[in-house]
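What follows is a set of notes on a single structure, which appears directly below.
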Amino acid sequence: MFFESTAKTGLKDIGKNNLIKNETILEILENMGGEHSNKVGYGALDIDKTGLSWILLDWKVQVIKRPIYSEELKIKTWGRCFQKASTYRDFEVYNSEGELAIIATSKWAMMDLEKRSITRLNDDIKKVYEPEEVQVFTEESLEKPYIPEKFTNEFSYTVGRKDIDLNNHMHNVYYMNLAYEAFPEDVYQNIPYDNFRITYKKEITLGDTVTAKYAKVNEKHYVVIENKEKNIVNAIIECY
């Protein structure tokens with residue numbers, strides 16, 4: 001099932017030259033996916049009934065023509081490739097001229113909130129989403145992320161209440177903000193980057209202190225977010 005809706009950017013959504021920020025792109029895409037899930041009965045409004053909530057595992061985004069401030073966008077999204085424990089959701093974003101501006105794919109799992117564990121995607125869930133076979137990237141959607149061996153910059157942060165979402169962990173968009181804080185100044189001044197990916201490995205919860213470590217490899221910028229106290233990697237971000 002293809003789901004379509006619209007969005008419009010505000011002042012907080014833009015950066016240099018009145019262009020939409022990457023964080024805003026993620027917010028818009030996530031909201032569209034949420035609207036689709038609300039429509040079929042597995043959205044945020046249905047959690048009290050189902051006890052289930054979608055959690056994000058991976059983003060891959062390519063900006064073809066970056067939208068500007070106050071531009072009305074049309075977003076098209078659909079589920080695809082339902083597996084036992086995960087599924088993909090793809091997106092196309094069109095600008096006010098009807099041009100394809102952004103493509104993205106994402107990987108999701110469903111959490112049983114009482115058990116705090118991933119649950120199986122049964123036939124009933126698959127049926128209401130009516131998955132499509134179309135995918136926006138021709139190559140393998142989300143290959144294993146690269147992790148650099150050496151890092152040149154880092155930033156530490158303790159998670160506060162404002163960072164926590166409905167699943168009681170740090171909201172996925174804020175991982176991008178952490179990555180930007182780890183960027184050296186010259187790298188930061190060149191944002192936004194038109195190709196980026198975020199792989200979520202372990203949730204970050206209230207009070208956690210995490211470290212974002214930066215490296216540049218083959219003209220790509222990487223940030224690994226980790227909890228040194230728990231000895232775990234929380235996320236890997238790639239931008240170029």
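Residue numbering restarts at 1 for every chain of the structure tokens, chains are lettered A, B, ... in their displayed order, and ligands are numbered from 1 as they appear.
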In stretch 95-131 of chain A, DSSP helix (DSSP H, G or I) residues written as a VMD selection string: chain A and resid 123 to 129
Put those residues in a file: N, CA and C atoms, as a PDB file, in the first residue's frame.
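The resulting out.pdb:
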ATOM      1  N   ASP A 123       1.289 -12.550  10.155  1.00  0.00           N
ATOM      2  CA  ASP A 123       0.567 -12.337   8.893  1.00  0.00           C
ATOM      3  C   ASP A 123      -0.468 -11.225   8.994  1.00  0.00           C
ATOM      4  N   ASP A 124      -1.067 -11.038  10.181  1.00  0.00           N
ATOM      5  CA  ASP A 124      -2.058  -9.971  10.346  1.00  0.00           C
ATOM      6  C   ASP A 124      -1.427  -8.598  10.150  1.00  0.00           C
ATOM      7  N   ILE A 125      -0.223  -8.416  10.699  1.00  0.00           N
ATOM      8  CA  ILE A 125       0.480  -7.140  10.538  1.00  0.00           C
ATOM      9  C   ILE A 125       0.850  -6.930   9.073  1.00  0.00           C
ATOM     10  N   LYS A 126       1.396  -7.952   8.463  1.00  0.00           N
ATOM     11  CA  LYS A 126       1.796  -7.848   7.060  1.00  0.00           C
ATOM     12  C   LYS A 126       0.598  -7.533   6.166  1.00  0.00           C
ATOM     13  N   LYS A 127      -0.527  -8.126   6.456  1.00  0.00           N
ATOM     14  CA  LYS A 127      -1.714  -7.962   5.617  1.00  0.00           C
ATOM     15  C   LYS A 127      -2.196  -6.515   5.594  1.00  0.00           C
ATOM     16  N   VAL A 128      -2.215  -5.837   6.752  1.00  0.00           N
ATOM     17  CA  VAL A 128      -2.769  -4.474   6.778  1.00  0.00           C
ATOM     18  C   VAL A 128      -1.846  -3.469   6.099  1.00  0.00           C
ATOM     19  N   TYR A 129      -0.549  -3.763   6.061  1.00  0.00           N
ATOM     20  CA  TYR A 129       0.376  -2.842   5.404  1.00  0.00           C
ATOM     21  C   TYR A 129       0.449  -3.048   3.892  1.00  0.00           C
TER      22      TYR A 129
END
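Residues in contact with A:Met170 at 6 Å, where only C-alpha atoms are counted and same-chain residues fewer than 2 positions away are skipped, are listed as Asp163, Ile164, Asp165, Ile204 and Thr205 of chain A.
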Create the file for the chosen residues now, containing N, CA, C and O atoms and written as a compact mmCIF listing (two decimals), in the first residue's frame.
# COMPACT_ATOMS: atom_id res chain seq x y z
N ASP A 163 15.37 14.40 25.69
CA ASP A 163 15.82 13.52 24.61
C ASP A 163 14.97 12.26 24.46
O ASP A 163 15.12 11.53 23.48
N ILE A 164 14.10 11.99 25.43
CA ILE A 164 13.42 10.69 25.51
C ILE A 164 12.11 10.70 24.73
O ILE A 164 11.34 11.66 24.78
N ASP A 165 11.86 9.59 24.00
CA ASP A 165 10.65 9.49 23.18
C ASP A 165 9.62 8.56 23.80
O ASP A 165 9.75 8.14 24.96
N ILE A 204 19.70 4.11 23.65
CA ILE A 204 20.27 5.03 24.63
C ILE A 204 19.13 5.50 25.53
O ILE A 204 18.10 5.95 25.04
N THR A 205 19.31 5.39 26.84
CA THR A 205 18.23 5.69 27.78
C THR A 205 18.59 6.87 28.68
O THR A 205 19.73 7.35 28.71
Quick one: everything within 6 Å of stretch 109-121 of chain A, counting only C-alpha atoms, minus sequence neighbours fewer than 3 positions away in the same chain. Send it as a list in words. Gly51, Leu52, Ser53, Trp54, Ile55, Lys84, Ala85 and Ser86 of chain A
Near-A:Glu27 list (12 Å; only C-alpha atoms; drop same-chain fewer than 2 positions) as a PyMOL selection string: chain A and resi 7-9+12-13+20-25+29-34+59+171-174+176
Create the file for the chosen residues now, containing N, CA, C and O atoms and written as a PDB file, in the first residue's frame.
ATOM      1  N   ALA A   7       3.903  17.930   3.693  1.00  0.00           N
ATOM      2  CA  ALA A   7       4.554  18.593   4.824  1.00  0.00           C
ATOM      3  C   ALA A   7       5.079  19.938   4.350  1.00  0.00           C
ATOM      4  O   ALA A   7       5.341  20.131   3.156  1.00  0.00           O
ATOM      5  N   LYS A   8       5.260  20.851   5.297  1.00  0.00           N
ATOM      6  CA  LYS A   8       5.788  22.174   4.974  1.00  0.00           C
ATOM      7  C   LYS A   8       6.825  22.556   6.017  1.00  0.00           C
ATOM      8  O   LYS A   8       6.608  22.362   7.215  1.00  0.00           O
ATOM      9  N   THR A   9       7.951  23.101   5.580  1.00  0.00           N
ATOM     10  CA  THR A   9       9.037  23.408   6.494  1.00  0.00           C
ATOM     11  C   THR A   9       8.849  24.755   7.164  1.00  0.00           C
ATOM     12  O   THR A   9       8.373  25.712   6.556  1.00  0.00           O
ATOM     13  N   LYS A  12      12.511  26.615  12.154  1.00  0.00           N
ATOM     14  CA  LYS A  12      13.429  25.746  12.889  1.00  0.00           C
ATOM     15  C   LYS A  12      13.950  24.589  12.034  1.00  0.00           C
ATOM     16  O   LYS A  12      14.893  23.900  12.424  1.00  0.00           O
ATOM     17  N   ASP A  13      13.357  24.392  10.870  1.00  0.00           N
ATOM     18  CA  ASP A  13      13.688  23.248  10.019  1.00  0.00           C
ATOM     19  C   ASP A  13      14.793  23.530   9.015  1.00  0.00           C
ATOM     20  O   ASP A  13      15.215  22.634   8.285  1.00  0.00           O
ATOM     21  N   ILE A  20      16.554  22.998   3.872  1.00  0.00           N
ATOM     22  CA  ILE A  20      16.087  22.073   4.886  1.00  0.00           C
ATOM     23  C   ILE A  20      17.260  21.283   5.477  1.00  0.00           C
ATOM     24  O   ILE A  20      18.186  20.893   4.778  1.00  0.00           O
ATOM     25  N   LYS A  21      17.230  21.068   6.803  1.00  0.00           N
ATOM     26  CA  LYS A  21      18.287  20.344   7.502  1.00  0.00           C
ATOM     27  C   LYS A  21      18.044  18.836   7.415  1.00  0.00           C
ATOM     28  O   LYS A  21      16.909  18.383   7.242  1.00  0.00           O
ATOM     29  N   ASN A  22      19.123  18.072   7.569  1.00  0.00           N
ATOM     30  CA  ASN A  22      18.973  16.620   7.546  1.00  0.00           C
ATOM     31  C   ASN A  22      18.120  16.118   8.701  1.00  0.00           C
ATOM     32  O   ASN A  22      17.364  15.143   8.542  1.00  0.00           O
ATOM     33  N   GLU A  23      18.228  16.762   9.862  1.00  0.00           N
ATOM     34  CA  GLU A  23      17.393  16.360  10.990  1.00  0.00           C
ATOM     35  C   GLU A  23      15.908  16.530  10.654  1.00  0.00           C
ATOM     36  O   GLU A  23      15.071  15.706  11.041  1.00  0.00           O
ATOM     37  N   THR A  24      15.600  17.595   9.922  1.00  0.00           N
ATOM     38  CA  THR A  24      14.209  17.842   9.529  1.00  0.00           C
ATOM     39  C   THR A  24      13.724  16.772   8.561  1.00  0.00           C
ATOM     40  O   THR A  24      12.571  16.321   8.642  1.00  0.00           O
ATOM     41  N   ILE A  25      14.582  16.383   7.641  1.00  0.00           N
ATOM     42  CA  ILE A  25      14.212  15.312   6.707  1.00  0.00           C
ATOM     43  C   ILE A  25      13.812  14.057   7.477  1.00  0.00           C
ATOM     44  O   ILE A  25      12.775  13.440   7.194  1.00  0.00           O
ATOM     45  N   LEU A  29      10.082  12.275   7.453  1.00  0.00           N
ATOM     46  CA  LEU A  29       9.904  10.886   7.028  1.00  0.00           C
ATOM     47  C   LEU A  29       9.308  10.037   8.148  1.00  0.00           C
ATOM     48  O   LEU A  29       8.396   9.236   7.918  1.00  0.00           O
ATOM     49  N   GLU A  30       9.820  10.222   9.342  1.00  0.00           N
ATOM     50  CA  GLU A  30       9.293   9.462  10.473  1.00  0.00           C
ATOM     51  C   GLU A  30       7.812   9.775  10.704  1.00  0.00           C
ATOM     52  O   GLU A  30       7.007   8.874  10.969  1.00  0.00           O
ATOM     53  N   ASN A  31       7.455  11.043  10.602  1.00  0.00           N
ATOM     54  CA  ASN A  31       6.051  11.432  10.795  1.00  0.00           C
ATOM     55  C   ASN A  31       5.149  10.799   9.733  1.00  0.00           C
ATOM     56  O   ASN A  31       4.016  10.383  10.037  1.00  0.00           O
ATOM     57  N   MET A  32       5.636  10.729   8.491  1.00  0.00           N
ATOM     58  CA  MET A  32       4.833  10.115   7.436  1.00  0.00           C
ATOM     59  C   MET A  32       4.651   8.628   7.686  1.00  0.00           C
ATOM     60  O   MET A  32       3.565   8.073   7.502  1.00  0.00           O
ATOM     61  N   GLY A  33       5.725   7.960   8.114  1.00  0.00           N
ATOM     62  CA  GLY A  33       5.602   6.549   8.462  1.00  0.00           C
ATOM     63  C   GLY A  33       4.635   6.344   9.614  1.00  0.00           C
ATOM     64  O   GLY A  33       3.852   5.388   9.633  1.00  0.00           O
ATOM     65  N   GLY A  34       4.683   7.272  10.579  1.00  0.00           N
ATOM     66  CA  GLY A  34       3.760   7.192  11.709  1.00  0.00           C
ATOM     67  C   GLY A  34       2.315   7.380  11.297  1.00  0.00           C
ATOM     68  O   GLY A  34       1.413   6.692  11.806  1.00  0.00           O
ATOM     69  N   TRP A  59      18.568   3.959   8.886  1.00  0.00           N
ATOM     70  CA  TRP A  59      18.174   4.958   7.897  1.00  0.00           C
ATOM     71  C   TRP A  59      19.214   5.005   6.791  1.00  0.00           C
ATOM     72  O   TRP A  59      20.418   4.925   7.064  1.00  0.00           O
ATOM     73  N   HIS A 171      15.315   9.724  21.262  1.00  0.00           N
ATOM     74  CA  HIS A 171      14.679   9.775  19.950  1.00  0.00           C
ATOM     75  C   HIS A 171      15.711   9.660  18.844  1.00  0.00           C
ATOM     76  O   HIS A 171      16.814  10.213  18.932  1.00  0.00           O
ATOM     77  N   ASN A 172      15.349   8.967  17.765  1.00  0.00           N
ATOM     78  CA  ASN A 172      16.330   8.620  16.726  1.00  0.00           C
ATOM     79  C   ASN A 172      16.944   9.835  16.038  1.00  0.00           C
ATOM     80  O   ASN A 172      18.098   9.786  15.609  1.00  0.00           O
ATOM     81  N   VAL A 173      16.207  10.941  15.912  1.00  0.00           N
ATOM     82  CA  VAL A 173      16.738  12.123  15.227  1.00  0.00           C
ATOM     83  C   VAL A 173      17.922  12.725  15.989  1.00  0.00           C
ATOM     84  O   VAL A 173      18.856  13.270  15.392  1.00  0.00           O
ATOM     85  N   TYR A 174      17.919  12.601  17.305  1.00  0.00           N
ATOM     86  CA  TYR A 174      18.960  13.231  18.112  1.00  0.00           C
ATOM     87  C   TYR A 174      20.331  12.585  17.921  1.00  0.00           C
ATOM     88  O   TYR A 174      21.351  13.183  18.285  1.00  0.00           O
ATOM     89  N   MET A 176      21.701  12.144  15.095  1.00  0.00           N
ATOM     90  CA  MET A 176      22.342  12.997  14.105  1.00  0.00           C
ATOM     91  C   MET A 176      22.919  14.251  14.754  1.00  0.00           C
ATOM     92  O   MET A 176      24.028  14.697  14.428  1.00  0.00           O
TER      93      MET A 176
END
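Here the question is which of A:Ser5, A:Thr50, A:Thr77, A:Ser106 gets nearest to A:Phe196 using only C-alpha atoms, and that residue is A:Ser106.
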Do a neighbour search on A:Arg66 at 12 Å with only C-alpha atoms, toss out local chain neighbours closer than 3 positions, and write the hits as a ChimeraX atom specification. /A:9,14-22,24-25,61-63,69,71,73,93-96,99-103,192-195
Rows by chain and residue number, stretch 179-236 of chain A within 8 Å of stretch 140-156 of chain A, shortest pair, only C-alpha atoms, as JSON lines:
{"residue": "A:Glu181", "atom": "CA", "partner": "A:Phe155", "partner_atom": "CA", "distance": 6.4}
{"residue": "A:Ala182", "atom": "CA", "partner": "A:Phe155", "partner_atom": "CA", "distance": 5.0}
{"residue": "A:Phe183", "atom": "CA", "partner": "A:Asn153", "partner_atom": "CA", "distance": 7.1}
{"residue": "A:Pro184", "atom": "CA", "partner": "A:Asn153", "partner_atom": "CA", "distance": 6.8}
{"residue": "A:Thr199", "atom": "CA", "partner": "A:Pro145", "partner_atom": "CA", "distance": 7.2}
{"residue": "A:Thr209", "atom": "CA", "partner": "A:Ser156", "partner_atom": "CA", "distance": 6.9}
{"residue": "A:Val210", "atom": "CA", "partner": "A:Ser156", "partner_atom": "CA", "distance": 5.6}
{"residue": "A:Thr211", "atom": "CA", "partner": "A:Ser156", "partner_atom": "CA", "distance": 4.2}
{"residue": "A:Ala212", "atom": "CA", "partner": "A:Phe155", "partner_atom": "CA", "distance": 5.1}
{"residue": "A:Lys213", "atom": "CA", "partner": "A:Glu154", "partner_atom": "CA", "distance": 4.2}
{"residue": "A:Tyr214", "atom": "CA", "partner": "A:Asn153", "partner_atom": "CA", "distance": 5.0}
{"residue": "A:Ala215", "atom": "CA", "partner": "A:Phe151", "partner_atom": "CA", "distance": 4.6}
{"residue": "A:Lys216", "atom": "CA", "partner": "A:Phe151", "partner_atom": "CA", "distance": 7.9}
{"residue": "A:Val217", "atom": "CA", "partner": "A:Pro148", "partner_atom": "CA", "distance": 7.5}
{"residue": "A:Tyr222", "atom": "CA", "partner": "A:Pro148", "partner_atom": "CA", "distance": 7.4}
{"residue": "A:Val224", "atom": "CA", "partner": "A:Ile147", "partner_atom": "CA", "distance": 7.3}
{"residue": "A:Ile236", "atom": "CA", "partner": "A:Pro145", "partner_atom": "CA", "distance": 7.2}
Could you save those same residues with N, CA, C and O atoms as an mmCIF file, in the first residue's frame?
data_model
loop_
_atom_site.group_PDB
_atom_site.id
_atom_site.type_symbol
_atom_site.label_atom_id
_atom_site.label_comp_id
_atom_site.auth_asym_id
_atom_site.auth_seq_id
_atom_site.Cartn_x
_atom_site.Cartn_y
_atom_site.Cartn_z
ATOM 1 N N GLU A 181 27.953 17.257 16.751
ATOM 2 C CA GLU A 181 28.777 17.806 17.822
ATOM 3 C C GLU A 181 30.181 17.212 17.817
ATOM 4 O O GLU A 181 31.134 17.839 18.275
ATOM 5 N N ALA A 182 30.311 15.998 17.289
ATOM 6 C CA ALA A 182 31.627 15.355 17.220
ATOM 7 C C ALA A 182 32.423 15.797 16.000
ATOM 8 O O ALA A 182 33.640 15.576 15.943
ATOM 9 N N PHE A 183 31.763 16.406 15.011
ATOM 10 C CA PHE A 183 32.465 16.847 13.799
ATOM 11 C C PHE A 183 33.506 17.921 14.142
ATOM 12 O O PHE A 183 33.215 18.846 14.913
ATOM 13 N N PRO A 184 34.691 17.868 13.545
ATOM 14 C CA PRO A 184 35.591 19.024 13.603
ATOM 15 C C PRO A 184 34.907 20.228 12.964
ATOM 16 O O PRO A 184 33.997 20.081 12.141
ATOM 17 N N THR A 199 22.793 3.820 11.560
ATOM 18 C CA THR A 199 22.486 2.455 11.989
ATOM 19 C C THR A 199 22.387 2.437 13.506
ATOM 20 O O THR A 199 23.335 2.815 14.197
ATOM 21 N N THR A 209 25.527 8.275 29.699
ATOM 22 C CA THR A 209 26.556 9.146 29.151
ATOM 23 C C THR A 209 27.209 8.426 27.978
ATOM 24 O O THR A 209 27.757 7.336 28.133
ATOM 25 N N VAL A 210 27.102 9.038 26.800
ATOM 26 C CA VAL A 210 27.623 8.419 25.586
ATOM 27 C C VAL A 210 28.703 9.304 24.979
ATOM 28 O O VAL A 210 28.742 10.512 25.218
ATOM 29 N N THR A 211 29.564 8.687 24.189
ATOM 30 C CA THR A 211 30.636 9.406 23.512
ATOM 31 C C THR A 211 30.497 9.217 22.010
ATOM 32 O O THR A 211 30.367 8.085 21.532
ATOM 33 N N ALA A 212 30.487 10.334 21.284
ATOM 34 C CA ALA A 212 30.438 10.311 19.818
ATOM 35 C C ALA A 212 31.854 10.523 19.298
ATOM 36 O O ALA A 212 32.464 11.563 19.552
ATOM 37 N N LYS A 213 32.390 9.540 18.565
ATOM 38 C CA LYS A 213 33.778 9.572 18.085
ATOM 39 C C LYS A 213 33.793 9.740 16.567
ATOM 40 O O LYS A 213 33.100 9.010 15.846
ATOM 41 N N TYR A 214 34.591 10.679 16.095
ATOM 42 C CA TYR A 214 34.615 11.044 14.676
ATOM 43 C C TYR A 214 35.855 10.526 13.961
ATOM 44 O O TYR A 214 36.966 10.529 14.502
ATOM 45 N N ALA A 215 35.649 10.122 12.673
ATOM 46 C CA ALA A 215 36.761 9.752 11.797
ATOM 47 C C ALA A 215 36.384 10.075 10.356
ATOM 48 O O ALA A 215 35.204 10.017 9.984
ATOM 49 N N LYS A 216 37.387 10.407 9.547
ATOM 50 C CA LYS A 216 37.202 10.599 8.117
ATOM 51 C C LYS A 216 37.955 9.505 7.385
ATOM 52 O O LYS A 216 39.154 9.305 7.596
ATOM 53 N N VAL A 217 37.231 8.778 6.520
ATOM 54 C CA VAL A 217 37.829 7.674 5.768
ATOM 55 C C VAL A 217 37.351 7.758 4.322
ATOM 56 O O VAL A 217 36.146 7.722 4.051
ATOM 57 N N TYR A 222 32.491 9.640 9.454
ATOM 58 C CA TYR A 222 31.875 8.624 10.301
ATOM 59 C C TYR A 222 31.853 9.083 11.749
ATOM 60 O O TYR A 222 32.808 9.701 12.237
ATOM 61 N N VAL A 224 30.873 7.173 15.462
ATOM 62 C CA VAL A 224 30.413 6.016 16.233
ATOM 63 C C VAL A 224 30.023 6.514 17.620
ATOM 64 O O VAL A 224 30.824 7.140 18.314
ATOM 65 N N ILE A 236 26.023 3.950 14.489
ATOM 66 C CA ILE A 236 27.054 4.338 13.524
ATOM 67 C C ILE A 236 26.424 5.279 12.515
ATOM 68 O O ILE A 236 25.388 4.952 11.920
#
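Atom CA of A:Asn122 is positioned 24.7 Å from atom CA of A:Glu4.
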Any idea what's packed within 12 Å of A:Asn231, counting only C-alpha atoms, ignoring anything in its chain fewer than 2 positions away? Could you give it as a ChimeraX atom specification? /A:202,209-211,225-229,233-234
Restricting the output to C-alpha atoms, write the selected residues as a short mmCIF file (atom, residue, chain, number, x, y, z; two decimals), in the first residue's frame.
data_model
loop_
_atom_site.label_atom_id
_atom_site.label_comp_id
_atom_site.auth_asym_id
_atom_site.auth_seq_id
_atom_site.Cartn_x
_atom_site.Cartn_y
_atom_site.Cartn_z
CA LYS A 202 21.61 -0.39 21.10
CA THR A 209 26.56 9.15 29.15
CA VAL A 210 27.62 8.42 25.59
CA THR A 211 30.64 9.41 23.51
CA ILE A 225 28.29 6.63 19.33
CA GLU A 226 29.17 4.37 22.22
CA ASN A 227 28.58 3.90 25.93
CA LYS A 228 32.03 3.28 27.35
CA GLU A 229 30.70 2.33 30.78
CA VAL A 233 28.15 0.65 20.45
CA ASN A 234 24.86 2.52 20.23
#
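Assigned to strand (DSSP E or B) in stretch 111-218 of chain A, given DSSP computed from backbone atoms, are Met111, Asp112, Ser117, Ile118, Thr119, Asn153, Glu154, Phe155, Ser156, Tyr157, Thr158, Ile164, Met170, Asn195, Phe196, Arg197, Ile198, Thr199, Tyr200, Thr209, Val210, Thr211, Ala212, Lys213, Tyr214, Ala215, Lys216 and Val217 of chain A.
For the atom pair formed by atom CA of A:Asp208 and atom CA of A:Val223, the distance is 17.7 Å, given to one decimal.
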Measuring between only C-alpha atoms, which one of A:Phe2, A:Lys60, A:Ile68, A:Arg161 shows the shortest distance to A:Lys39? A:Phe2
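Our summary of the geometry notes that atom CA of A:Ala44 is positioned 23.8 Å from atom CA of A:Gly10.
The nearest approach to A:Asn190 among the residues A:Val159, A:Thr138, A:Cys239, A:Asn218, with only C-alpha atoms taken into account, belongs to A:Cys239.
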List the neighbours of A:Tyr200 out to 6 Å using only C-alpha atoms; skip same-chain residues closer than 6 positions along the sequence, and give me the result as a list in words. Leu57, Asp58 and Ala235 of chain A
